[in-house]
Every structure is written in C-alpha cells, then in structure tokens.
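Reproduced below: structure_27.tsv, with TSV, C-alpha atoms.
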```
chain	number	residue	atom	x	y	z
A	1	MET	CA	-0.10	-20.12	36.03
A	2	PHE	CA	0.32	-19.16	32.38
A	3	GLU	CA	-0.49	-16.22	30.14
A	4	LEU	CA	-0.73	-16.01	26.36
A	5	LYS	CA	-0.96	-12.59	24.74
A	6	LEU	CA	-1.57	-11.52	21.17
A	7	HIS	CA	-1.49	-7.96	19.86
A	8	LEU	CA	-2.32	-7.32	16.22
A	9	PRO	CA	-2.41	-3.89	14.60
A	10	TYR	CA	-4.38	-3.60	11.39
A	11	PHE	CA	-5.24	-1.11	8.66
A	12	LYS	CA	-8.49	-0.72	6.86
A	13	LEU	CA	-9.17	1.46	3.86
A	14	ILE	CA	-12.52	3.22	3.84
A	15	THR	CA	-13.49	4.99	0.64
A	16	GLY	CA	-16.17	7.63	0.37
A	17	TYR	CA	-16.05	8.37	4.07
A	18	PRO	CA	-18.30	11.33	5.03
A	19	PRO	CA	-16.17	13.88	6.90
A	20	LYS	CA	-19.04	14.57	9.29
A	21	LYS	CA	-18.97	10.96	10.40
A	22	ALA	CA	-15.43	11.25	11.72
A	23	ARG	CA	-15.97	10.94	15.40
A	24	HIS	CA	-13.66	12.95	17.59
A	25	ARG	CA	-12.18	9.91	19.30
A	26	MET	CA	-11.42	8.31	15.95
A	27	LYS	CA	-9.67	11.23	14.34
A	28	SER	CA	-6.26	10.27	15.65
A	29	ARG	CA	-6.65	6.83	14.05
A	30	LEU	CA	-7.76	8.07	10.66
A	31	THR	CA	-5.32	9.02	7.93
A	32	ASP	CA	-6.83	10.95	5.07
A	33	VAL	CA	-5.46	9.58	1.80
A	34	SER	CA	-7.86	11.35	-0.55
A	35	PHE	CA	-4.87	13.03	-2.22
A	36	LEU	CA	-4.11	9.67	-3.84
A	37	ARG	CA	-7.46	9.58	-5.57
A	38	ALA	CA	-6.86	10.21	-9.24
A	39	GLY	CA	-9.35	11.17	-11.90
A	40	THR	CA	-12.38	10.93	-9.65
A	41	SER	CA	-12.81	14.49	-8.47
A	42	ASN	CA	-16.58	14.08	-8.34
A	43	PHE	CA	-16.32	11.24	-5.85
A	44	VAL	CA	-18.26	11.92	-2.67
A	45	GLY	CA	-16.58	11.76	0.71
A	46	ARG	CA	-13.01	11.14	1.76
A	47	ASP	CA	-10.70	8.16	1.47
A	48	VAL	CA	-9.24	7.30	4.84
A	49	ILE	CA	-7.12	4.57	6.40
A	50	LEU	CA	-8.36	3.44	9.76
A	51	GLN	CA	-5.69	2.12	12.10
A	52	GLY	CA	-7.06	-0.45	14.51
A	53	HIS	CA	-5.74	-2.83	17.08
A	54	TYR	CA	-6.81	-6.18	18.43
A	55	SER	CA	-5.54	-7.89	21.58
A	56	ILE	CA	-6.36	-11.08	23.38
A	57	VAL	CA	-5.04	-12.34	26.70
A	58	ILE	CA	-5.53	-15.92	27.81
A	59	HIS	CA	-4.52	-16.78	31.34
A	60	GLY	CA	-5.16	-19.65	33.68
A	61	TYR	CA	-3.79	-22.45	35.79
A	62	SER	CA	-3.73	-25.22	33.22
A	63	ASP	CA	-4.56	-26.06	29.62
A	64	GLN	CA	-8.12	-26.88	30.68
A	65	ASN	CA	-8.69	-24.11	33.22
A	66	TRP	CA	-8.36	-20.63	31.79
A	67	ASP	CA	-10.05	-17.36	30.83
A	68	ALA	CA	-9.77	-15.26	27.68
A	69	HIS	CA	-10.22	-11.52	27.37
A	70	SER	CA	-10.07	-9.71	24.08
A	71	PHE	CA	-9.99	-6.02	23.26
A	72	GLU	CA	-10.56	-4.19	20.02
A	73	ASN	CA	-10.79	-0.48	19.39
A	74	ASN	CA	-13.31	-1.08	16.68
A	75	ASP	CA	-15.58	1.88	17.27
A	76	PHE	CA	-16.01	2.26	13.54
A	77	ASP	CA	-19.57	1.38	12.70
A	78	ASP	CA	-19.30	-1.22	9.96
A	79	ASP	CA	-23.08	-1.48	9.74
A	80	ASP	CA	-23.19	1.82	7.89
A	81	TRP	CA	-20.85	0.55	5.21
A	82	ASP	CA	-20.41	-2.97	4.09
A	83	ASP	CA	-22.69	-5.03	6.27
A	84	GLU	CA	-26.04	-3.92	4.98
A	85	ASP	CA	-27.13	-7.50	4.54
A	86	SER	CA	-25.97	-8.59	7.96
A	87	GLU	CA	-29.54	-8.96	9.26
A	88	ASP	CA	-30.40	-11.38	6.49
A	89	GLU	CA	-27.23	-13.31	7.07
A	90	ASN	CA	-27.89	-13.49	10.79
A	91	SER	CA	-31.40	-14.78	10.26
A	92	GLU	CA	-30.02	-17.59	8.11
A	93	ASP	CA	-27.50	-18.54	10.76
A	94	GLU	CA	-29.63	-18.24	13.87
A	95	GLU	CA	-28.21	-21.48	15.18
A	96	PHE	CA	-24.63	-20.34	14.82
A	97	GLN	CA	-23.30	-18.53	17.87
A	98	GLU	CA	-20.11	-16.77	16.88
A	99	ASP	CA	-17.28	-16.49	19.32
A	100	PRO	CA	-16.85	-12.76	19.99
A	101	ASN	CA	-13.10	-13.24	20.46
A	102	ALA	CA	-12.89	-14.24	16.80
A	103	GLY	CA	-14.79	-11.14	15.68
A	104	ARG	CA	-17.33	-10.85	12.94
A	105	GLU	CA	-17.18	-13.53	10.32
A	106	GLY	CA	-14.61	-15.28	12.45
A	107	LYS	CA	-16.41	-18.55	11.80
A	108	VAL	CA	-15.60	-19.82	15.25
A	109	GLU	CA	-18.54	-21.61	16.83
A	110	ALA	CA	-18.96	-20.59	20.46
A	111	ASN	CA	-21.10	-23.63	21.16
A	112	VAL	CA	-18.32	-25.94	20.08
A	113	PRO	CA	-15.65	-24.83	22.53
A	114	ILE	CA	-11.97	-25.56	22.19
A	115	TRP	CA	-10.90	-26.67	25.63
A	116	ASP	CA	-7.14	-26.59	25.09
A	117	ALA	CA	-5.86	-23.08	25.83
A	118	ARG	CA	-2.98	-23.20	23.36
A	119	GLU	CA	-5.14	-24.55	20.56
A	120	TYR	CA	-7.77	-21.91	21.27
A	121	PHE	CA	-5.04	-19.24	21.20
A	122	LEU	CA	-3.82	-20.50	17.83
A	123	ARG	CA	-7.38	-20.64	16.49
A	124	ILE	CA	-7.98	-17.01	17.39
A	125	PHE	CA	-4.51	-16.08	16.13
A	126	ASP	CA	-5.28	-17.74	12.79
A	127	VAL	CA	-8.68	-16.09	12.42
A	128	ARG	CA	-7.49	-12.66	13.45
A	129	SER	CA	-4.36	-12.72	11.29
A	130	THR	CA	-6.51	-13.70	8.30
A	131	GLN	CA	-8.83	-10.83	9.14
A	132	ILE	CA	-5.98	-8.32	9.04
A	133	LEU	CA	-4.60	-9.82	5.82
A	134	GLN	CA	-7.72	-9.14	3.76
A	135	PRO	CA	-7.97	-5.37	4.39
A	136	ALA	CA	-4.16	-5.12	4.03
A	137	LYS	CA	-4.41	-6.72	0.58
A	138	HIS	CA	-7.25	-4.39	-0.35
A	139	LEU	CA	-5.25	-1.38	0.86
A	140	VAL	CA	-2.07	-2.33	-1.04
A	141	ARG	CA	-4.02	-2.99	-4.25
A	142	TRP	CA	-5.74	0.37	-3.89
A	143	LEU	CA	-2.40	2.09	-3.31
A	144	GLU	CA	-0.91	0.37	-6.37
A	145	ARG	CA	-3.82	1.45	-8.56
A	146	SER	CA	-3.73	5.00	-7.22
A	147	ILE	CA	0.03	5.41	-7.53
A	148	ASP	CA	0.10	3.71	-10.93
A	149	SER	CA	-2.07	6.50	-12.24
A	150	TYR	CA	0.79	8.90	-11.49
A	151	VAL	CA	3.80	6.64	-11.83
A	152	ARG	CA	4.74	4.06	-14.50
B	1	MET	CA	9.79	26.42	-18.65
B	2	GLY	CA	6.26	27.79	-18.78
B	3	ARG	CA	4.43	28.84	-15.65
B	4	ASP	CA	1.71	26.20	-16.08
B	5	LYS	CA	4.28	23.50	-16.56
B	6	ALA	CA	6.18	24.58	-13.49
B	7	GLU	CA	2.95	24.46	-11.49
B	8	ASP	CA	2.26	20.97	-12.78
B	9	LEU	CA	5.68	19.85	-11.67
B	10	LYS	CA	5.09	21.41	-8.27
B	11	LYS	CA	1.77	19.58	-7.97
B	12	ILE	CA	3.42	16.25	-8.71
B	13	TYR	CA	6.30	16.99	-6.38
B	14	ASP	CA	3.87	17.97	-3.61
B	15	TRP	CA	1.97	14.74	-4.23
B	16	THR	CA	5.03	12.52	-3.94
B	17	GLN	CA	6.01	13.76	-0.49
B	18	PRO	CA	2.89	12.68	1.48
B	19	THR	CA	2.74	9.52	-0.63
B	20	ILE	CA	6.26	8.49	0.37
B	21	GLU	CA	5.54	9.38	3.98
B	22	LEU	CA	2.35	7.31	3.97
B	23	LEU	CA	4.07	4.31	2.39
B	24	SER	CA	6.97	4.59	4.84
B	25	ASN	CA	4.60	4.61	7.81
B	26	LEU	CA	2.64	1.63	6.53
B	27	GLU	CA	5.80	-0.31	5.77
B	28	HIS	CA	7.24	0.56	9.18
B	29	ASP	CA	4.16	-0.69	11.03
B	30	LEU	CA	3.89	-3.83	8.93
B	31	SER	CA	7.60	-4.54	9.37
B	32	GLY	CA	7.17	-4.22	13.13
B	33	LEU	CA	4.43	-6.82	13.10
B	34	LEU	CA	6.48	-9.15	10.90
B	35	GLN	CA	9.50	-8.71	13.14
B	36	GLU	CA	7.37	-9.73	16.13
B	37	TRP	CA	6.31	-12.82	14.23
B	38	GLU	CA	9.90	-13.67	13.34
B	39	THR	CA	10.88	-13.34	17.00
B	40	PHE	CA	8.00	-15.58	18.02
B	41	HIS	CA	8.74	-18.04	15.26
B	42	SER	CA	12.53	-18.23	15.76
B	43	PRO	CA	14.14	-21.37	17.25
B	44	SER	CA	14.53	-19.62	20.59
B	45	GLY	CA	11.15	-17.88	20.33
B	46	ASP	CA	7.94	-18.41	22.26
B	47	ILE	CA	6.74	-20.84	19.64
B	48	GLY	CA	8.60	-23.36	21.80
B	49	TYR	CA	5.61	-23.30	24.15
B	50	PHE	CA	3.63	-24.87	21.31
B	51	SER	CA	6.19	-27.53	20.41
B	52	SER	CA	4.18	-30.31	22.02
B	53	ILE	CA	0.97	-29.35	20.25
B	54	SER	CA	-0.14	-31.54	17.37
B	55	GLY	CA	-3.13	-32.25	15.16
B	56	ARG	CA	-5.32	-29.18	14.65
B	57	GLY	CA	-2.86	-26.99	16.55
B	58	SER	CA	0.03	-27.69	14.20
B	59	LYS	CA	-2.22	-27.06	11.19
B	60	LEU	CA	-3.21	-23.73	12.69
B	61	LEU	CA	0.43	-22.79	13.21
B	62	TRP	CA	1.12	-23.64	9.59
B	63	ALA	CA	-1.84	-21.52	8.46
B	64	ILE	CA	-0.64	-18.57	10.55
B	65	LYS	CA	2.82	-18.92	9.03
B	66	GLU	CA	1.32	-18.77	5.54
B	67	THR	CA	-0.67	-15.68	6.45
B	68	PHE	CA	2.47	-13.91	7.66
B	69	GLU	CA	4.29	-14.89	4.48
B	70	LYS	CA	1.50	-13.17	2.55
B	71	LEU	CA	1.80	-10.13	4.81
B	72	ASP	CA	5.52	-10.05	4.08
B	73	PHE	CA	4.75	-10.11	0.37
B	74	LEU	CA	2.47	-7.10	0.89
B	75	ARG	CA	5.30	-5.35	2.73
B	76	GLN	CA	7.57	-5.96	-0.28
B	77	ARG	CA	4.95	-4.44	-2.56
B	78	LEU	CA	4.81	-1.38	-0.30
B	79	VAL	CA	8.60	-1.08	-0.50
B	80	HIS	CA	8.41	-1.29	-4.28
B	81	LEU	CA	5.75	1.41	-4.37
B	82	LYS	CA	7.83	3.61	-2.09
B	83	ASP	CA	10.91	3.17	-4.29
B	84	SER	CA	8.91	4.04	-7.41
B	85	SER	CA	7.49	7.13	-5.73
B	86	ARG	CA	10.96	8.17	-4.56
B	87	ARG	CA	12.41	7.85	-8.04
B	88	CYS	CA	9.61	9.95	-9.44
B	89	ALA	CA	10.11	12.54	-6.72
B	90	GLU	CA	13.78	12.72	-7.68
B	91	ASP	CA	12.97	13.10	-11.36
B	92	VAL	CA	10.33	15.72	-10.76
B	93	SER	CA	12.64	17.51	-8.37
B	94	PHE	CA	15.33	17.53	-11.04
B	95	ALA	CA	12.87	18.73	-13.64
B	96	LYS	CA	11.64	21.41	-11.29
B	97	PHE	CA	15.06	22.74	-10.41
B	98	GLY	CA	16.95	21.63	-13.54
B	99	SER	CA	18.88	24.13	-15.61
B	100	ASN	CA	17.08	23.75	-18.93
B	101	SER	CA	14.47	21.67	-20.64
B	102	THR	CA	16.84	19.64	-22.83
B	103	ASP	CA	18.84	18.48	-19.83
B	104	THR	CA	15.62	17.65	-18.06
B	105	LEU	CA	14.43	15.50	-20.88
B	106	THR	CA	17.76	13.71	-21.25
B	107	HIS	CA	17.86	13.09	-17.53
B	108	SER	CA	14.31	11.83	-17.42
B	109	TYR	CA	14.92	9.58	-20.38
B	110	ASN	CA	17.97	8.03	-18.78
B	111	SER	CA	16.60	7.81	-15.25
B	112	ALA	CA	15.23	4.72	-13.61
B	113	CYS	CA	11.88	6.37	-12.98
B	114	SER	CA	9.24	4.51	-14.88
B	115	TYR	CA	6.90	7.34	-15.63
B	116	LYS	CA	4.00	6.61	-17.87
B	117	ALA	CA	4.89	9.95	-19.38
B	118	ILE	CA	8.32	8.72	-20.30
B	119	LYS	CA	6.86	5.64	-21.92
B	120	LEU	CA	4.65	7.87	-24.00
B	121	ARG	CA	7.63	9.99	-24.78
B	122	ASN	CA	9.48	6.96	-26.09
B	123	THR	CA	6.49	6.30	-28.30
B	124	ALA	CA	6.67	9.86	-29.50
B	125	LEU	CA	10.33	9.41	-30.31
B	126	LYS	CA	9.65	6.36	-32.42
B	127	ARG	CA	6.76	8.03	-34.13
B	128	HIS	CA	8.70	11.13	-35.07
B	129	SER	CA	12.03	9.57	-35.90
B	130	ALA	CA	12.47	7.01	-38.62
B	131	THR	CA	16.06	6.36	-37.50
B	132	PRO	CA	16.14	6.61	-33.73
B	133	ASN	CA	19.70	5.26	-33.45
B	134	ARG	CA	20.97	7.89	-35.78
B	135	ARG	CA	19.09	10.55	-33.82
B	136	ASN	CA	20.62	9.35	-30.55
B	137	ALA	CA	24.02	9.47	-32.18
B	138	GLN	CA	23.34	13.05	-33.11
B	139	LEU	CA	22.45	13.88	-29.53
B	140	LYS	CA	25.77	12.46	-28.32
B	141	ARG	CA	27.84	14.04	-31.06
B	142	PRO	CA	30.41	16.48	-29.63
B	143	LYS	CA	30.13	20.08	-30.66
B	144	THR	CA	31.92	20.82	-33.90
B	145	THR	CA	32.04	23.72	-36.22
B	146	PRO	CA	28.48	24.16	-37.45
B	147	ASN	CA	27.84	23.46	-41.08
B	148	ARG	CA	24.55	23.41	-42.85
B	149	GLN	CA	23.83	19.75	-42.10
B	150	ASN	CA	24.55	20.19	-38.39
B	151	THR	CA	22.31	23.20	-38.22
B	152	ILE	CA	19.42	21.25	-39.69
B	153	ASN	CA	19.98	18.41	-37.25
B	154	ALA	CA	20.03	20.82	-34.35
B	155	ARG	CA	16.72	22.28	-35.42
B	156	LEU	CA	15.21	18.84	-35.72
B	157	ASN	CA	16.37	17.95	-32.25
B	158	LEU	CA	14.94	21.12	-30.89
B	159	ALA	CA	11.65	20.34	-32.59
B	160	PHE	CA	11.68	16.89	-31.09
B	161	GLY	CA	12.40	18.48	-27.80
B	162	PHE	CA	9.28	20.59	-27.93
B	163	VAL	CA	7.10	17.72	-29.05
B	164	ILE	CA	8.39	15.50	-26.30
B	165	PHE	CA	8.25	18.26	-23.77
B	166	ASP	CA	4.61	19.01	-24.47
B	167	CYS	CA	3.72	15.33	-24.37
B	168	TYR	CA	5.52	14.99	-21.06
B	169	PHE	CA	3.54	17.74	-19.43
B	170	TYR	CA	0.31	16.74	-21.03
B	171	VAL	CA	0.56	13.44	-19.21
B	172	MET	CA	1.41	15.17	-15.98
B	173	GLU	CA	-1.76	17.23	-16.26
B	174	GLY	CA	-3.75	14.08	-16.88
```

Go through the file and emit its structure as structure tokens.
Amino acid sequence: MFELKLHLPYFKLITGYPPKKARHRMKSRLTDVSFLRAGTSNFVGRDVILQGHYSIVIHGYSDQNWDAHSFENNDFDDDDWDDEDSEDENSEDEEFQEDPNAGREGKVEANVPIWDAREYFLRIFDVRSTQILQPAKHLVRWLERSIDSYVR
Amino acid sequence: MGRDKAEDLKKIYDWTQPTIELLSNLEHDLSGLLQEWETFHSPSGDIGYFSSISGRGSKLLWAIKETFEKLDFLRQRLVHLKDSSRRCAEDVSFAKFGSNSTDTLTHSYNSACSYKAIKLRNTALKRHSATPNRRNAQLKRPKTTPNRQNTINARLNLAFGFVIFDCYFYVMEG
C-alpha cells in the first residue's frame, strides 16, 4: 500500500473585481490590494488577491493499481473573467479530453493514461506547479509596478 | 512643515504599512512552499521514492525543479520589494517626526531609500548649482563667525532647501 500527496497553495491577482461578486465563502480568501493602485482612481472595481489551494492524493497497492483524488477550492468563476473564448477553444478541441486532475489548460490527455503512479504524480506535480508559477509571476510584476510608482 | 505636506507624508506612511504586511505575508507563504520543496528534494527527502524512475519521470522532476527555482526567484523579488518599502517607511517616518526640514532633507539625501523623489531632487540640485561639490562643502562647513560671504551662502542653501523641499512633496502628491 502506498500514498502520494501533493498540496500546493497559490495566489492569483484579480483586477477590476466587482465588490458585489465577492461571495461570502470567498471573502476569507480574498485580500483587497486596491490601495496599491496608483494613478488610476477611475478604475472600476477592486484589485484582490485570491488565495487558493490544490491537493491531490494518489493511493493504491502497486504502481499499476491505484486511484487519484484531487481537491481544489476554486470556487472563483473564471468564466466571467478571462475565459470568454473558452467555448470556441473547446469546440476546436472536441477530441481532447482533459484530465481534471491537471486542471484547465493542464494539457494532460485523459484518453492517453499514464499507468505508472509515480510518473502520473510527477506529471500532475509539473503541470500544477507551472500553473501556480504563472499567476505568481503576474502578481509579483504587478506589485513591482505598483510599488515602483511610490518608491524608486 | 506645512499641513498639506504633513498630510502627504502621513498618506505615504499609511500606505507603506499595509504594503509591507502584504509583502511579508506573501513571502512567508511562498517561503513555506519552497521549504517543503527543499525538504522533499533533500538527499534524505521523499524524492528517494522516485530514485528508480527514469525517462519521462526524470525529465518531469527536472522540470519541477526548474519551476521551483523560478518561484524562489520570485520570492527574492518579494524580499527586495519589502526591503525597499521598509526603507521608504523609515525615511517617511523620519520626515514625519523629524525635527526640521533641513535635517529631513539631509537625511533623505543620505539614506538608502531610493525614492523617485530623491532622484528628482538630485536633478534639482544639479540644475540649480553650477558647483555641486562646492555647495556640499558649504553644507559640511562648521559654524564660524558669520561674515558677509557666509551669510550669502546660507541664504542660497536655504533657497535650495525650499526648492528641493517643494519638489520632494510635489512628487509625493503625484
């Protein structure tokens, strides 16, 4: 019997976030950073940092006999924001069945399974860590731009 | 110090506090994640369970390692931002509670804080003084019995002080 676990926290900057959209259950995971916005007082909405978390547990009896369960508190509706063209993209890739453990744009083909548990774990680890890197880069760049307007 | 200027300083000071707190929290969380990776990746870490894996698996491990190196670089940038914000908070705090404007300016000029305002102030110094070295020497000159020449120099310095001071706060308002 074995068990592989991965827990990844992540941060995502959302600009122009309508205050009314802040669902009650999300409020504890949102940090309002609108005070860092400089020179754009007419900008609509708030700037917030969403703190999320992703976990996956793989357990089984052997490398070839296992189950995977993943969890993500991603109750933020991306469709309202940056995935407006997702329907078009989906229609182009009707044949591609994405692995839900890899998340959106994970580029992991569910119909081409990875049988080895450790390799599958590393594949999901790679995809998910890349997914947290991109919003982290975006956030740090935004912070640098915002703070540079006050400092330096 | 004028009331408006004092309010501007207060605004900047009030801005630095949540900024530093935010950067500290982000750095703390990112450091925690990186520490977990280091533990996993250490010679005695759980990466040992993957020692027999090869081919695509080893490439994936290498890719994950690169990703965490990039995350560590982001953490360093957060630390740099936090340090810059701290230095500015110290300078603004000094300016806010400092004894007089001349001391404030001298302190700000000599401090490590890299304010855009201070850069502009340096520009103002060059623009208004044909001999900056001589002017600096005058600033450092110990007090002596005033004569006519010294009195003129003192007035010039005071004038510079006002020019610089206004420029400094103009930038703060911006």

Open item on the list: Residues near Thr15 (chain A), anyone? I mean within 10 Å using all atoms listed in the file, not counting same-chain ones fewer than 6 positions away, as a list in words.
Closed with: Asp32, Val33, Ser34, Arg37, Phe43, Val44, Gly45, Arg46, Asp47, Val48, Ile49 and Trp81 of chain A

- [ ] Compute the set of chain B residues within 10 Å of chain A, using only C-alpha atoms, and express it as an MDAnalysis selection string.
- [x] chainID B and resid 12 15:16 18:19 22:23 26 29:30 32:33 36 46 49:50 53:68 70:71 73:75 77:78 80:82 84:85 87:88 113:119 171:174

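One finds CA of Lys12 (chain A) at 5.1 Å from CA of Leu50 (chain A).
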
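Separating CA of Lys11 (chain B) from CA of Tyr17 (chain A) is a distance of 24.3 Å.
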
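Our summary of the geometry notes that CA of Phe2 (chain A) is positioned 8.1 Å from CA of Ile58 (chain A).
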
Open item on the list: I'd like the neighbourhood of Ala68 (chain A) as a PyMOL selection string, where a residue qualifies if any of its atoms comes within 9 Å (using only C-alpha atoms), though same-chain residues fewer than 2 positions away should be ignored.
Closed with: chain A and resi 56-60+66+70+101+117+121

With C-alpha atoms retained, could you export that selection as a PDB file, in the frame of the given file?
```
ATOM      1  CA  ILE A  56      -6.360 -11.080  23.380  1.00  0.00           C
ATOM      2  CA  VAL A  57      -5.040 -12.340  26.700  1.00  0.00           C
ATOM      3  CA  ILE A  58      -5.530 -15.920  27.810  1.00  0.00           C
ATOM      4  CA  HIS A  59      -4.520 -16.780  31.340  1.00  0.00           C
ATOM      5  CA  GLY A  60      -5.160 -19.650  33.680  1.00  0.00           C
ATOM      6  CA  TRP A  66      -8.360 -20.630  31.790  1.00  0.00           C
ATOM      7  CA  SER A  70     -10.070  -9.710  24.080  1.00  0.00           C
ATOM      8  CA  ASN A 101     -13.100 -13.240  20.460  1.00  0.00           C
ATOM      9  CA  ALA A 117      -5.860 -23.080  25.830  1.00  0.00           C
ATOM     10  CA  PHE A 121      -5.040 -19.240  21.200  1.00  0.00           C
TER      11      PHE A 121
END
```

Open item on the list: Using all atoms listed in the file, which protein or nucleic acid residues come within 10 Å of Lys10 (chain B)? Drop anything in the same chain fewer than 3 positions from it, and give the result as a list in words.
Closed with: Asp4, Lys5, Ala6, Glu7, Tyr13, Asp14, Trp15, Thr16, Val92, Ser93, Ala95 and Lys96 of chain B
